[in-house]
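Scroll down for the structure; my scribbles are underneath it.
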Amino acid sequence: MTQTVLTVDDSRTMRDMLRVTLEESGYRVIQAADGLLGLEALKGERPDVIVTDINMPNLDGFGFIEAVRKDGRLAGVPILVLTTESDAALKNRARAAGATGWITKPFEQTRLVDVVRRVAA
Amino acid sequence: MSSDALAQLRQTFFEECDEQLAELESGLLQMQDGATDSETVNAVFRAVHSVKGGAGAFKLTTLVSFAHVFETALDEIRSDKLEAGPSLMKAMLRASDVLADLVSAARNGDDVDAALWRGLADEIAGFCGKEKAAPVSAAAPAGFTPEPLAFTPQPLAFTPQPMAFTPQPMALPSLTPAPAAEDAQAGGGLRILFRPRIELYEKANDAVVLLRELERLGAMRVTCDLSEVPPLDALDPHGACLGFDIRLVTDRDEQAVREVFEFCEEDCDLVIRREAAPAAEAAAAPDPAAILNALRPAPKDTPADPPAAAPAAGNPAEPQAADKTAAKPADPARAAEEAAAQRAAATPAPATIRVDLDRVDRLINLVGELVINQAMLAQAVQGADGARDPAVSGGLDELDQLTREIQESVMAIRAQPLKPLFQRMSRIVREVADATGKKVRLITDGEWTEVDKTVVERLADPLTHMIRNAIDHGLEKPADRLAAGKPEEGVVRLSAAHRSGRVVIQISDDGAGVNREKVRAIAVGKGLVAADAQLSESDIDNLIFLPGFSTTEKISAISGRGVGMDVVKRSIHALSGRIFLKSRRGQGSEFTLSLPLTLAVLDGMVVTVDGQTLVAPLSAIVETMSLDAGRLRAFGASNAVIADRDGFVPIIDTAAELGFRAHRRVEGGDKGVALLVESEGGGRSALVVDAIQDQRQVVIKSLETNYGRVPGVAAATILGDGRVALILDVDALVARARGAATEPLLAAAG
């Protein structure tokens, strides 16, 4: 069955890049431009994996992850944090918020697809 | 990824860069004005961050390096480690300019001279350098303490009841030695002891998934350690009570195994070691009885450890199904139903869509046809008896109204805010201020005013020129300003607003104003006006628009460039716009531009000339007057002037200029009308036509693309009766009539 990935990123370039890469690998991709819109998109969906940026307007990645984890219906969805920071502090903060894993930008396309597959149930 | 997709992404990236750069600049300007709220600083940070992120993806290393320094400083500002003082803000603004340059160099594939950015990068890094003692990355962001998730275990409503329980042997495929494992018995066997903690599940990592991933590395046998599973009445379905003893035969190294646990190493107990003994021997299949023994303390219903046990024991080829039933004891059926119901609601529609400009233009053209068609229909009905039928005439009126609304709505699609243009001007202001040593503050207003995209684009050059002029010629040097009792810092204002169907843009400065004596002297010196000409103050001010006029004796690098205000005026006229200057000595000058909202339609006056129907752009017409014989004076052999309020205006015989008849003929008593027009040179002329028919909006049809260039004609339109009417190029007509009569019209029009 086709798996669905929700990507949350305020950069259109990054959204397009995620979409093209994941769609080429057979995923269905839904997208949102910030944390709030991401939560909005989740109202009608339960994706198999969520990929989210950290630095975003309105609701940043940390807040978004926390909100998803608090929602019983969504709590089990793996969330990958997509960030240019390889910084340990940010990674830890994302983990504390409930992130499943992370991908450091700029990412190799094969690496992205591999990590998404790895965490998807 | 195909190269098409890549090229598309690249284009998106650069488009986004433009948006981010605009965002960056306006944010920095707000910060410079004292905005310290975190939203502004964060937005600025994100803008640079996004540019850097995308640049990284396209391996634009220079851009990444520069953006990184910039971003680091912004990060320090937003985490209050660095104060955004005036000198830092100045450097930041310059950095935003440099970033824009680097982006455009990257877009064009140009090489970049490192001198362009290296110095500034060092300067900015120097601001941050003060904090070097405590680098940002050394600690978690201030005020942050990692804490475990607020996690409330939800007890199941479950009353243990004695039940008939028959132990059944379980089919455990993954626990059976795989043939591959036997083949590779002598090879690298790895023993992995893996015990997830609750945090692992809370982060949506899943033991089943991890085991599945491990299995990709080689032949695997798993023993599930159930020793920690509590009696059922004490069982927390969300708890972590399973351990896994894994034997893996793989040709991959330990690192590959560690990578599987990359995201959860800290949330589990993990031991990985090379197995000395042959893997198969040690990995005896666990006796199902042993498992049941472990469960014996509570031999009732056995959901075991929900997130892991069931799937681990199930078929690994279908971990998904197994997981779903096990991991969501709450109510999977309801969740699925909910998801299905909500799928219909789908993702919220985005507020904007991107459309090819070609499609919009095609739509605009079609609506143009519709407008013409509607006018033709109305005219046809008027001629027929249908007009008397109220249903028909009412319907026509409605159609007319609807057509108009459609036309306006379609035009609105092409409308764009002036904001990006205004932002470019703030860069110009910084550059010119630096170059002239003047202190300048740009105040913008009405930047969200929308105008047709083409108008926005074609305004860039004239506006740049006027802003340069305002600073270079308008504003005084700081010392002179102080001497004149003004603040040292000069102010340039740029404002835009909609006014009666046009957009009005004003550029004003609080400088010295036009030096009228000097302007007049120059104009006289260059032979542009007669030495004894009677000129009002406003006339003198507007002399600067005359071709060949330039107030600076030596052309400066900033506003010189070989073009004067006449070029500005011509560009504005080409947009069917008008420009005026108002000035008060010692208090400053103000340029006012009045422009149409769109270039697709034109407000025109429909006139008859020698039996032909023509359209004169309303923007050029100042007033109309009758050709009263008493006001006409002959001037030379074939010329005449007409008395205006302020004097005499040369008469231009439109029919003759366009070649409808061979000789100029303007006689008093002619039943004609004079259209008083103001042309590019600033002077007035009277175009003589036979009659005025109507004043209306017409759809502009390019004559050049559909037919060819005709001197004295700007474009064409199609009237209600289906006939083509030419739209006059007033400037060209006037230039031709005023210039040497022998000069071909084409040259004047060019």
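The chains in the structure tokens are called A, B, ... from first to last as shown; in each chain the residues are counted from 1, and the ligands are counted from 1 in the order shown.
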Could you please tell me, as number ranges by chain, which residues of chain A have an atom within 7 Å of chain B when using only C-alpha atoms?
A: 11-14, 16-17, 41, 43-46, 55, 73, 76-78, 84, 87, 89, 93, 96, 98-101, 105-106, 118-119, 121
Which residues are close to segment 1-8 of chain A, i.e. within 8 Å by only C-alpha atoms, leaving aside same-chain residues fewer than 3 positions away? Reply as JSON, numbers by chain.
{"A": [15, 18, 19, 26, 27, 28, 29, 30, 31, 32, 33, 34, 35, 38, 47, 48, 49, 50, 51, 52, 53]}
Resulting file, chosen residues, C-alpha atoms, as an mmCIF file, in the first residue's frame:
```
data_model
loop_
_atom_site.group_PDB
_atom_site.id
_atom_site.type_symbol
_atom_site.label_atom_id
_atom_site.label_comp_id
_atom_site.auth_asym_id
_atom_site.auth_seq_id
_atom_site.Cartn_x
_atom_site.Cartn_y
_atom_site.Cartn_z
ATOM 1 C CA ARG A 15 9.077 21.418 0.058
ATOM 2 C CA LEU A 18 11.077 16.704 -0.570
ATOM 3 C CA ARG A 19 8.015 16.172 -2.681
ATOM 4 C CA GLY A 26 6.608 5.936 -4.539
ATOM 5 C CA TYR A 27 5.359 7.808 -1.511
ATOM 6 C CA ARG A 28 2.237 9.880 -1.442
ATOM 7 C CA VAL A 29 3.255 13.313 -0.200
ATOM 8 C CA ILE A 30 1.179 15.932 1.555
ATOM 9 C CA GLN A 31 2.727 19.243 2.489
ATOM 10 C CA ALA A 32 2.390 22.118 4.889
ATOM 11 C CA ALA A 33 4.307 25.387 5.172
ATOM 12 C CA ASP A 34 4.574 25.715 8.944
ATOM 13 C CA GLY A 35 3.718 23.937 12.179
ATOM 14 C CA GLY A 38 0.973 21.015 9.565
ATOM 15 C CA PRO A 47 0.565 9.894 7.549
ATOM 16 C CA ASP A 48 3.019 7.031 7.936
ATOM 17 C CA VAL A 49 5.886 9.435 8.488
ATOM 18 C CA ILE A 50 6.192 13.160 9.141
ATOM 19 C CA VAL A 51 9.243 15.143 8.026
ATOM 20 C CA THR A 52 9.471 18.592 9.577
ATOM 21 C CA ASP A 53 11.758 21.594 9.568
#
```
Using DSSP on the backbone coordinates, identify all residues within chain A classified as strand (DSSP E or B); present the result as a ChimeraX atom specification.
/A:4-8,28-32,49-53,79-83,101-104
Tell me which protein, DNA and RNA residues are within 12 Å of Ala380 of chain B, counting only C-alpha atoms, leaving out same-chain ones fewer than 6 positions away, and put them as an MDAnalysis selection string.
chainID B and resid 373:374 386:387 392:393 396 720:722
Neighbour list for Ala121 of chain B as a list in words, cut-off 7 Å, only C-alpha atoms, skip fewer than 3 positions in-chain:
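The residues satisfying every condition are Phe66, Val69, Trp117, Arg118, Ile124 and Ala125 of chain B.
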Output C-alpha atoms of each residue in that selection to a file, as a short mmCIF file (atom, residue, chain, number, x, y, z; two decimals), in the first residue's frame.
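Writing done, so here's result_13.cif:
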```
data_model
loop_
_atom_site.label_atom_id
_atom_site.label_comp_id
_atom_site.auth_asym_id
_atom_site.auth_seq_id
_atom_site.Cartn_x
_atom_site.Cartn_y
_atom_site.Cartn_z
CA PHE B 66 28.39 33.88 3.50
CA VAL B 69 28.28 33.92 8.92
CA TRP B 117 31.97 39.33 0.45
CA ARG B 118 34.98 38.12 2.41
CA ILE B 124 30.26 40.48 10.87
CA ALA B 125 32.10 37.53 12.30
#
```
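Put simply, atom CA of Val455 of chain B is 27.5 Å away from atom CA of Leu93 of chain B.
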What's the separation between atom CA of Arg570 of chain B and atom CA of Leu543 of chain B, in Å to one decimal place?
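It comes out at 14.1 Å.
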Using only C-alpha atoms, can you tell me which of A:Leu36, A:Ile65, A:Val115, A:Ile103 comes closest to Ile79 of chain A?
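Looking only at the distances to Ile79 of chain A, the closest residue turns out to be A:Ile65.
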Provide the atom CA of Gly34 of chain B to atom CA of Pro86 of chain B distance in Å, to one decimal place.
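Going from atom CA of Gly34 of chain B over to atom CA of Pro86 of chain B covers 9.7 Å.
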